[in-house]
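File shown: start.txt (compact mmCIF, C-alpha atoms).
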# COMPACT_ATOMS: atom_id res chain seq x y z
CA MET A 20 34.39 -1.93 -0.67
CA GLN A 21 30.69 -2.43 -0.56
CA GLY A 22 27.91 -1.32 -2.83
CA VAL A 23 24.28 -1.49 -1.82
CA HIS A 24 21.09 -1.04 -3.78
CA THR A 25 17.43 -1.52 -2.91
CA GLU A 26 14.53 -1.99 -5.30
CA LYS A 27 10.82 -2.40 -4.72
CA VAL A 28 9.56 -5.16 -6.96
CA PRO A 29 6.49 -3.89 -8.86
CA GLY A 30 3.50 -5.52 -7.15
CA GLY A 31 5.91 -7.37 -4.88
CA LYS A 32 8.42 -7.00 -2.12
CA LEU A 33 11.60 -5.14 -1.30
CA VAL A 34 14.95 -6.56 -2.39
CA ARG A 35 18.32 -5.22 -1.24
CA VAL A 36 21.60 -6.50 -2.62
CA LYS A 37 24.99 -5.86 -1.02
CA VAL A 38 28.08 -6.48 -3.12
CA ASP A 39 31.54 -6.64 -1.54
CA LEU A 40 34.59 -6.32 -3.78
CA ASN A 41 37.98 -7.67 -2.78
CA PRO A 42 40.44 -5.08 -1.40
CA GLU A 43 41.86 -4.44 -4.88
CA GLY A 44 38.36 -3.82 -6.15
CA LYS A 45 38.86 -6.31 -8.95
CA SER A 46 36.64 -9.23 -8.08
CA ILE A 47 33.40 -9.84 -6.27
CA GLU A 48 34.08 -11.31 -2.87
CA ASN A 49 30.64 -11.59 -1.40
CA VAL A 50 27.00 -10.96 -2.33
CA GLN A 51 24.10 -10.82 0.09
CA MET A 52 20.47 -10.56 -0.85
CA HIS A 53 18.02 -9.32 1.78
CA GLY A 54 14.37 -8.39 1.85
CA ASP A 55 10.81 -9.31 2.75
CA PHE A 56 10.25 -11.62 -0.24
CA PHE A 57 9.73 -15.38 -0.11
CA ILE A 58 11.90 -18.12 -1.62
CA HIS A 59 11.01 -21.80 -1.37
CA PRO A 60 13.08 -23.57 -0.19
CA GLU A 61 14.60 -20.74 1.84
CA GLU A 62 18.18 -21.98 1.54
CA PHE A 63 18.01 -21.46 -2.23
CA VAL A 64 18.88 -17.80 -1.55
CA GLU A 65 22.44 -19.02 -0.97
CA ASP A 66 22.51 -20.58 -4.45
CA ILE A 67 21.40 -17.23 -5.89
CA GLU A 68 24.11 -15.39 -3.96
CA GLN A 69 26.72 -17.91 -5.09
CA LEU A 70 25.68 -17.49 -8.73
CA LEU A 71 26.04 -13.71 -8.40
CA VAL A 72 29.49 -14.00 -6.77
CA ASN A 73 30.75 -16.12 -9.65
CA LEU A 74 29.51 -13.84 -12.44
CA ASP A 75 31.67 -11.94 -14.81
CA GLN A 76 31.32 -8.28 -13.81
CA LYS A 77 30.58 -7.44 -17.44
CA ASP A 78 27.58 -9.78 -17.70
CA SER A 79 24.48 -7.88 -18.71
CA GLU A 80 21.35 -7.58 -16.63
CA GLU A 81 19.54 -9.71 -19.21
CA SER A 82 22.09 -12.53 -19.12
CA ILE A 83 22.14 -12.53 -15.30
CA SER A 84 18.37 -12.67 -15.24
CA ALA A 85 18.40 -15.58 -17.71
CA ALA A 86 21.03 -17.43 -15.63
CA LEU A 87 18.91 -16.96 -12.51
CA SER A 88 15.81 -18.25 -14.31
CA ARG A 89 17.71 -21.36 -15.44
CA LEU A 90 18.96 -22.02 -11.89
CA ILE A 91 15.46 -21.60 -10.46
CA GLU A 92 14.08 -24.08 -12.96
CA GLU A 93 16.89 -26.60 -12.45
CA GLU A 94 16.44 -26.56 -8.70
CA SER A 95 12.62 -26.37 -8.82
CA ALA A 96 12.76 -23.37 -6.53
CA GLU A 97 9.92 -20.89 -6.25
CA LEU A 98 10.25 -17.13 -5.83
CA VAL A 99 7.33 -15.12 -4.47
CA GLY A 100 7.34 -11.32 -4.46
CA VAL A 101 10.71 -11.13 -6.19
CA THR A 102 11.76 -11.86 -9.77
CA PRO A 103 15.01 -12.80 -11.54
CA GLU A 104 14.75 -9.49 -13.43
CA THR A 105 14.64 -7.43 -10.22
CA ILE A 106 17.45 -9.41 -8.61
CA ALA A 107 19.61 -8.85 -11.71
CA LYS A 108 18.81 -5.14 -11.82
CA THR A 109 19.41 -4.64 -8.09
CA PHE A 110 22.65 -6.60 -8.26
CA LYS A 111 23.99 -4.63 -11.24
CA THR A 112 23.23 -1.31 -9.55
CA ALA A 113 24.81 -2.46 -6.27
CA LEU A 114 27.86 -3.65 -8.21
CA GLY A 115 28.04 -0.27 -9.95
CA ASN A 116 27.89 1.43 -6.55
CA ALA A 117 30.71 -0.80 -5.24
CA LEU A 118 32.88 0.00 -8.28
CA ALA A 119 32.15 3.72 -7.88
CA ALA A 120 33.06 3.48 -4.18
CA LYS A 121 36.40 2.02 -5.24
CA VAL A 122 37.09 5.14 -7.29
CA ALA A 123 35.65 7.76 -4.96
CA PRO A 124 34.52 6.47 -1.57
CA GLU A 125 33.25 9.88 -0.53
CA GLN A 126 30.83 9.93 -3.46
CA GLN A 127 29.27 6.57 -2.71
CA GLY A 128 25.51 6.56 -2.88
CA GLN A 129 23.28 4.16 -0.97
CA MET B 10 -5.36 -38.30 9.39
CA ASN B 11 -7.23 -35.17 8.42
CA LYS B 12 -8.71 -34.52 11.82
CA TRP B 13 -7.32 -31.24 13.09
CA ARG B 14 -5.92 -30.50 16.52
CA VAL B 15 -6.73 -27.02 17.78
CA ILE B 16 -4.39 -25.60 20.42
CA ASP B 17 -5.96 -22.75 22.34
CA ILE B 18 -4.16 -19.48 22.87
CA ALA B 19 -1.08 -19.41 25.10
CA ALA B 20 1.63 -16.82 25.62
CA ASN B 21 5.27 -17.79 25.20
CA ASN B 22 8.50 -16.00 24.56
CA ALA B 23 9.56 -15.48 20.93
CA PHE B 24 12.07 -18.33 20.89
CA ILE B 25 9.60 -20.90 22.20
CA ASN B 26 6.92 -19.64 19.82
CA MET B 27 9.10 -20.15 16.74
CA ALA B 28 10.50 -23.40 18.13
CA LEU B 29 7.01 -24.77 18.76
CA ASP B 30 6.06 -24.13 15.12
CA GLU B 31 9.08 -26.16 14.04
CA ALA B 32 8.65 -28.92 16.65
CA ILE B 33 4.99 -29.34 15.71
CA SER B 34 5.97 -29.43 12.01
CA GLN B 35 8.31 -32.31 12.76
CA ALA B 36 5.65 -34.16 14.74
CA VAL B 37 3.08 -33.68 11.98
CA ARG B 38 5.60 -34.92 9.42
CA THR B 39 6.21 -38.16 11.33
CA ARG B 40 2.45 -38.41 11.94
CA GLU B 41 2.96 -38.37 15.68
CA SER B 42 0.65 -35.36 15.69
CA GLN B 43 -2.44 -34.36 13.77
CA PRO B 44 -2.55 -31.35 11.48
CA THR B 45 -2.58 -28.41 13.85
CA ILE B 46 -4.16 -25.00 14.27
CA ARG B 47 -2.43 -23.11 17.07
CA PHE B 48 -3.17 -19.68 18.51
CA TYR B 49 -0.56 -17.83 20.51
CA LYS B 50 0.71 -14.58 21.94
CA TRP B 51 4.13 -13.16 22.69
CA GLN B 52 5.28 -12.60 26.27
CA PRO B 53 7.39 -10.48 26.45
CA SER B 54 6.62 -8.40 23.36
CA ALA B 55 8.95 -9.29 20.51
CA VAL B 56 10.15 -8.40 17.05
CA SER B 57 10.31 -11.17 14.48
CA ILE B 58 12.17 -10.73 11.23
CA GLY B 59 11.76 -12.60 7.96
CA TYR B 60 14.25 -15.34 7.10
CA PHE B 61 15.90 -13.23 4.39
CA GLN B 62 16.12 -9.96 6.27
CA SER B 63 19.23 -8.44 7.75
CA LEU B 64 18.82 -8.16 11.53
CA GLN B 65 20.98 -5.04 11.73
CA ASP B 66 19.18 -3.37 8.82
CA GLU B 67 15.72 -3.96 10.22
CA VAL B 68 15.81 -3.76 14.02
CA ASP B 69 17.07 -1.36 16.67
CA THR B 70 18.64 -4.17 18.67
CA GLU B 71 19.94 -1.85 21.41
CA LEU B 72 16.53 -0.40 22.12
CA CYS B 73 14.92 -3.86 22.10
CA LYS B 74 17.44 -5.01 24.67
CA LYS B 75 16.91 -1.89 26.77
CA ILE B 76 13.14 -2.24 26.97
CA GLY B 77 13.07 -6.05 27.16
CA VAL B 78 11.72 -6.88 23.70
CA ASP B 79 12.89 -10.23 22.34
CA ILE B 80 14.15 -10.53 18.77
CA VAL B 81 13.83 -13.68 16.71
CA ARG B 82 14.45 -14.66 13.09
CA ARG B 83 11.59 -16.66 11.59
CA ARG B 84 11.89 -19.72 9.39
CA THR B 85 9.54 -17.97 6.99
CA GLY B 86 10.21 -15.06 4.66
CA GLY B 87 8.31 -11.79 4.78
CA GLY B 88 8.89 -8.63 6.74
CA ALA B 89 9.78 -7.52 10.25
CA VAL B 90 6.87 -7.54 12.69
CA TYR B 91 6.45 -6.03 16.14
CA HIS B 92 4.43 -8.48 18.23
CA ASP B 93 2.99 -6.48 21.12
CA SER B 94 2.18 -8.72 24.09
CA THR B 95 -1.36 -7.33 24.23
CA GLY B 96 -1.79 -6.06 20.69
CA GLU B 97 -2.34 -9.10 18.50
CA ILE B 98 -3.31 -12.71 18.12
CA THR B 99 -0.94 -14.94 16.20
CA TYR B 100 -1.85 -18.26 14.64
CA SER B 101 -0.04 -21.09 12.94
CA ILE B 102 -1.36 -23.73 10.60
CA ILE B 103 0.77 -26.84 10.32
CA ALA B 104 -0.37 -29.62 8.00
CA PRO B 105 0.75 -31.91 5.17
CA GLU B 106 1.13 -29.86 1.97
CA GLY B 107 -1.35 -32.11 0.21
CA MET B 108 -4.19 -30.68 2.31
CA PHE B 109 -3.74 -27.31 0.57
CA PRO B 110 -3.53 -26.03 -3.00
CA LYS B 111 -0.15 -26.59 -4.62
CA GLY B 112 0.23 -22.92 -5.60
CA ILE B 113 1.68 -20.69 -2.90
CA THR B 114 -0.72 -17.80 -3.61
CA GLU B 115 -3.72 -20.14 -3.73
CA SER B 116 -2.80 -21.65 -0.36
CA TYR B 117 -2.33 -18.17 1.16
CA GLN B 118 -5.72 -17.31 -0.25
CA GLU B 119 -7.33 -20.36 1.35
CA ILE B 120 -5.91 -19.82 4.85
CA CYS B 121 -6.26 -16.04 4.71
CA GLY B 122 -9.87 -16.69 3.72
CA TRP B 123 -10.42 -18.15 7.19
CA ILE B 124 -9.15 -14.90 8.74
CA VAL B 125 -11.38 -12.85 6.44
CA LYS B 126 -14.29 -14.99 7.58
CA ALA B 127 -13.35 -14.53 11.27
CA LEU B 128 -13.18 -10.76 10.87
CA GLY B 129 -16.55 -10.86 9.14
CA LYS B 130 -18.00 -12.59 12.22
CA ILE B 131 -17.07 -9.56 14.34
CA GLY B 132 -18.39 -7.12 11.77
CA ILE B 133 -15.17 -6.21 9.96
CA ALA B 134 -15.30 -6.51 6.18
CA ALA B 135 -11.84 -7.55 5.04
CA GLU B 136 -10.24 -9.09 1.98
CA PHE B 137 -7.14 -11.04 1.02
CA LYS B 138 -4.55 -8.91 -0.73
CA PRO B 139 -1.88 -10.95 -2.46
CA ILE B 140 0.83 -11.77 -1.71
CA ASN B 141 0.27 -12.29 1.98
CA ASP B 142 -1.82 -9.51 3.50
CA ILE B 143 -5.38 -9.02 4.66
CA ILE B 144 -6.78 -5.53 4.33
CA THR B 145 -9.89 -3.71 5.42
CA ASN B 146 -10.79 -0.34 3.89
CA GLY B 147 -7.42 -0.42 2.14
CA LYS B 148 -5.50 -0.80 5.42
CA LYS B 149 -3.52 -3.83 6.50
CA ILE B 150 -4.93 -5.70 9.48
CA SER B 151 -3.14 -9.02 9.13
CA GLY B 152 0.23 -10.21 7.79
CA ASN B 153 1.03 -13.83 7.01
CA ALA B 154 4.04 -15.93 6.04
CA GLN B 155 4.40 -19.46 4.75
CA THR B 156 7.06 -22.09 4.31
CA ARG B 157 6.95 -25.63 3.03
CA ARG B 158 9.47 -28.15 4.16
CA ASN B 159 9.63 -31.93 4.00
CA GLY B 160 6.07 -32.06 2.74
CA ILE B 161 4.70 -29.94 5.58
CA LEU B 162 3.11 -26.53 5.12
CA LEU B 163 3.57 -24.03 7.91
CA GLN B 164 1.75 -20.74 7.72
CA HIS B 165 1.81 -18.32 10.58
CA GLY B 166 0.41 -14.85 10.76
CA THR B 167 -0.81 -12.14 12.98
CA ILE B 168 -4.12 -10.36 13.37
CA LEU B 169 -3.72 -6.86 14.81
CA TYR B 170 -5.95 -6.27 17.81
CA LYS B 171 -4.53 -3.01 19.12
CA LEU B 172 -1.99 -0.84 17.37
CA ASP B 173 0.98 0.89 18.99
CA VAL B 174 2.56 2.60 16.00
CA ALA B 175 5.01 4.66 18.05
CA THR B 176 6.57 1.60 19.73
CA MET B 177 6.43 -0.41 16.52
CA PHE B 178 8.49 2.13 14.62
CA SER B 179 10.90 2.92 17.40
CA LEU B 180 11.96 -0.75 17.31
CA LEU B 181 11.82 -1.35 13.57
CA LYS B 182 14.43 0.62 11.70
CA VAL B 183 12.95 3.40 9.72
CA PRO B 184 15.28 6.30 9.01
CA LYS B 185 14.94 8.39 12.19
CA GLU B 186 14.12 11.52 10.23
CA LYS B 187 11.06 9.72 8.89
CA ILE B 188 9.61 9.14 12.36
CA SER B 189 7.62 12.32 12.65
CA ASP B 190 4.00 12.99 13.42
CA LYS B 191 3.38 12.91 9.71
CA PHE B 192 5.07 9.52 9.33
CA ILE B 193 2.95 8.08 12.14
CA ALA B 194 -0.15 9.57 10.53
CA ASP B 195 0.91 7.97 7.21
CA VAL B 196 1.35 4.57 8.84
CA LYS B 197 -2.10 4.87 10.36
CA GLN B 198 -3.39 5.33 6.84
CA ARG B 199 -1.86 1.97 5.88
CA VAL B 200 -2.23 -0.18 9.00
CA THR B 201 -5.19 -0.72 11.27
CA SER B 202 -6.39 -3.00 14.06
CA VAL B 203 -9.58 -4.54 15.33
CA THR B 204 -9.98 -1.95 18.10
CA ASP B 205 -9.21 0.92 15.71
CA ILE B 206 -12.29 -0.17 13.81
CA ASN B 207 -14.46 -1.10 16.77
CA PRO B 208 -13.17 -0.41 20.30
CA GLN B 209 -16.00 -2.52 21.75
CA ILE B 210 -14.63 -5.81 20.46
CA THR B 211 -12.78 -7.78 23.13
CA GLU B 212 -9.77 -9.96 22.50
CA GLN B 213 -11.87 -12.94 23.57
CA GLN B 214 -14.44 -12.14 20.87
CA LEU B 215 -11.69 -11.93 18.26
CA LYS B 216 -10.23 -15.24 19.41
CA ASP B 217 -13.61 -16.96 19.44
CA ALA B 218 -14.29 -15.69 15.93
CA LEU B 219 -10.90 -16.98 14.75
CA ILE B 220 -11.43 -20.43 16.25
CA ALA B 221 -14.94 -20.65 14.78
CA ALA B 222 -13.81 -19.58 11.30
CA PHE B 223 -10.65 -21.69 11.25
CA THR B 224 -12.52 -24.86 12.23
CA GLU B 225 -15.61 -24.33 10.06
CA GLY B 226 -16.33 -27.46 8.04
CA LYS B 227 -13.41 -29.32 9.59
CA GLU B 228 -13.29 -32.34 11.82
CA PHE B 229 -11.29 -31.20 14.85
CA GLU B 230 -10.67 -31.62 18.53
CA LEU B 231 -9.21 -29.32 21.13
CA GLY B 232 -5.76 -30.47 22.10
CA SER B 233 -2.50 -29.31 23.54
CA VAL B 234 1.19 -29.37 22.79
CA THR B 235 2.47 -32.89 23.48
CA ALA B 236 5.32 -33.60 25.89
CA ASN B 237 7.53 -34.61 22.94
CA GLU B 238 6.76 -31.40 21.06
CA LYS B 239 7.43 -29.35 24.17
CA ALA B 240 10.78 -31.03 24.77
CA ALA B 241 11.79 -30.63 21.11
CA ALA B 242 10.72 -26.97 21.19
CA GLU B 243 12.75 -26.23 24.29
CA LYS B 244 15.80 -27.74 22.64
CA LEU B 245 15.23 -25.78 19.39
CA ALA B 246 14.61 -22.56 21.31
CA LYS B 247 17.86 -22.96 23.19
CA GLU B 248 20.03 -24.19 20.34
CA ARG B 249 18.62 -22.23 17.42
CA TYR B 250 16.03 -19.54 17.94
CA SER B 251 17.69 -17.76 20.86
CA SER B 252 21.19 -18.12 19.39
CA ASP B 253 23.12 -15.21 17.91
CA GLU B 254 24.23 -17.53 15.14
CA TRP B 255 20.64 -17.96 13.94
CA ASN B 256 19.41 -14.44 14.59
CA ASN B 257 22.44 -12.85 12.92
CA LEU B 258 22.37 -15.41 10.11
CA ARG B 259 21.88 -12.74 7.48
Rewritten as C-alpha cells:
Amino acid sequence: MQGVHTEKVPGGKLVRVKVDLNPEGKSIENVQMHGDFFIHPEEFVEDIEQLLVNLDQKDSEESISAALSRLIEEESAELVGVTPETIAKTFKTALGNALAAKVAPEQQGQ
Amino acid sequence: MNKWRVIDIAANNAFINMALDEAISQAVRTRESQPTIRFYKWQPSAVSIGYFQSLQDEVDTELCKKIGVDIVRRRTGGGAVYHDSTGEITYSIIAPEGMFPKGITESYQEICGWIVKALGKIGIAAEFKPINDIITNGKKISGNAQTRRNGILLQHGTILYKLDVATMFSLLKVPKEKISDKFIADVKQRVTSVTDINPQITEQQLKDALIAAFTEGKEFELGSVTANEKAAAEKLAKERYSSDEWNNLR
C-alpha cells in the first residue's frame, strides 16, 4: 500500500514523498523522497528517508520536523529549496494517504 | 593553482557529458588539472534529471527511446531538463570550493552573475533569481545546478538558445491533459531563449559572449580534456551514467 503526496515549498522547490506500508498496513516499509530540490551531500537524502521509515506513525509533524533539523545539524548537511517543515508535512500527508488506501483503496487520492 | 583552463565547446552524448564533469572534478581534486570552465552540447539530444528525481515520474522513457533521445541522471539536484542538440549551450565550472563563497546561494549568485554578464554583452538584460535560475523579463532563460564533493565545487547549467516547447513537454512528464495549446502558451510565458528575444543572434555570438564573461578578470588559458580525464570519463560513462542502476536509482 502506497501513499503519495506532493508539496511546493514556498519560495522553493517541489517535494514528493512516497510511503509504502507493509502488507498488513501496520508499519512503514519504505519511504522515498523525490523532487527538484538540492541536498548537500546528496546521499544525505537516504538518511532522511531512513529517519522517516523508523518513525512512530503517531509522531506529530512538529516532532518529525525537529528530528529532521537535529539530524541535519548533526551531519552538517545543507538543504536548499526544501525545509524540514515541508518534508514533515509532505510525509505526514503521504502517510495519511497510505493509511486511507489500506482502508479503501478505491478512494485513494494522489 | 588559480589559473583557469577553458575547454571550448564540444558535443558529446549525455553519458560522456556527465562523466566528463565527474572525471574533471577528480582531476582538479588531485591537482592534475587546473580549475576548469567547460562549454558543451548534447549529441544526440537528451533529457537529464536531477539526482533526487524519480526517472519514471519525470520522463516519458518510451518516447525518448523511440526518437533517440538519451536519458541521464545528474550528480546534481534540480529539475528535469530537455537538452536539445541545437537549442542550448551548457557549461560546467569545476574548481576547489575555496575559490567560491561558502554559501550555496552566494556561489550560485557569483557564477550566475557571469551568465548575466554574457547575456548583457548580446543585449539581453537578465538577472539571477534564487535559487538557481536566470530570468529575463520574468521568464527563465537559464537553469543551473551545483554540487560540492571532496572539496570540489561543480556547477553546471544551460543557457537556452532556441526553444522547442512541444518536444520538451512531450518528453518530460506533464499530465497529458495539460499539454494543450494553452499549456504551451503558458510555458512560453515562463520560459524563453536567446533567439526568442533576438532571432539575429547566432550561437557563435552567444558562445563568444559566454567565454568573454566567464573569463573576465581571470588568468586563463585555452585547453582541452586530458587523456587521463577522457579515459576516466569513458569508464564512468560506461559503468555509471549509461547504466540502468544509476539512471533508475530513485
> Given the choices B:Gly132, B:Gly112, B:Gly232, B:Gly86, which gets closest to chain A if the distance is worked out from all atoms listed in the file?
Replying inline: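 Ranked by minimum distance to chain A, first place goes to B:Gly86.
Compared by their closest atoms to Gly160 in chain B, and using all atoms listed in the file, the residues A:Leu90, A:Pro60, A:Lys77, A:Gly30 rank with A:Pro60 nearest.
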>> Select, as a PyMOL selection string, those residues of chain B with any atom no more than 8 Å from chain A (distances computed using all atoms listed in the file).
In response: chain B and resi 59-63+85-89+140+156-158+259
> Out of B:Asn146, B:Thr176, B:Ser252, B:Asn159, which residue has the shortest atom-to-atom distance to Val200 in chain B when counting all atoms listed in the file?
Replying inline: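 Result for the nearest residue to Val200 in chain B: B:Asn146.
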> Nearest to Phe63 in chain A: which of A:Ile91, A:Lys45, A:Ala86, A:Lys37 is it, counting only C-alpha atoms?
Replying inline: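 Answer, going by the shortest atom-to-atom distance: A:Ile91.
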> How would you write as a PyMOL selection string the residues that get within 12 Å of (33.8, -10.1, -3.3) in the file's frame, counting only C-alpha atoms?
Replying inline: chain A and resi 20-22+37-51+68-69+71-76+114+117-118
Just the residues within 7 Å of Arg199 in chain B, please, counting only C-alpha atoms, with nothing from its chain fewer than 3 positions along; format it as a CSV table (one decimal) with C-alpha atoms, in the frame of the given file.
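Once everything was written out, this is result.csv:
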chain,number,residue,atom,x,y,z
B,148,LYS,CA,-5.5,-0.8,5.4
B,149,LYS,CA,-3.5,-3.8,6.5
B,195,ASP,CA,0.9,8.0,7.2
B,196,VAL,CA,1.4,4.6,8.8
>> Using all atoms listed in the file, which protein or nucleic acid residues come within 8 Å of Ser101 in chain B? Drop anything in the same chain fewer than 4 positions from it, and give the result as a ChimeraX atom specification.
In response: /B:30,45-48,163-166
> Expressed in Å to a single decimal, how great is the separation between CA of Val81 in chain B and CA of Ala23 in chain B?
Replying inline: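 Those two atoms sit 6.3 Å apart.
Nearest-residue note for Pro29 in chain A: choosing from A:Ser79, A:Ser95, A:Ser84, A:Thr105, the minimum distance belongs to A:Thr105, counting only C-alpha atoms.
Across the model, the gap from CA of Val125 in chain B to CA of Ala218 in chain B is 10.3 Å.
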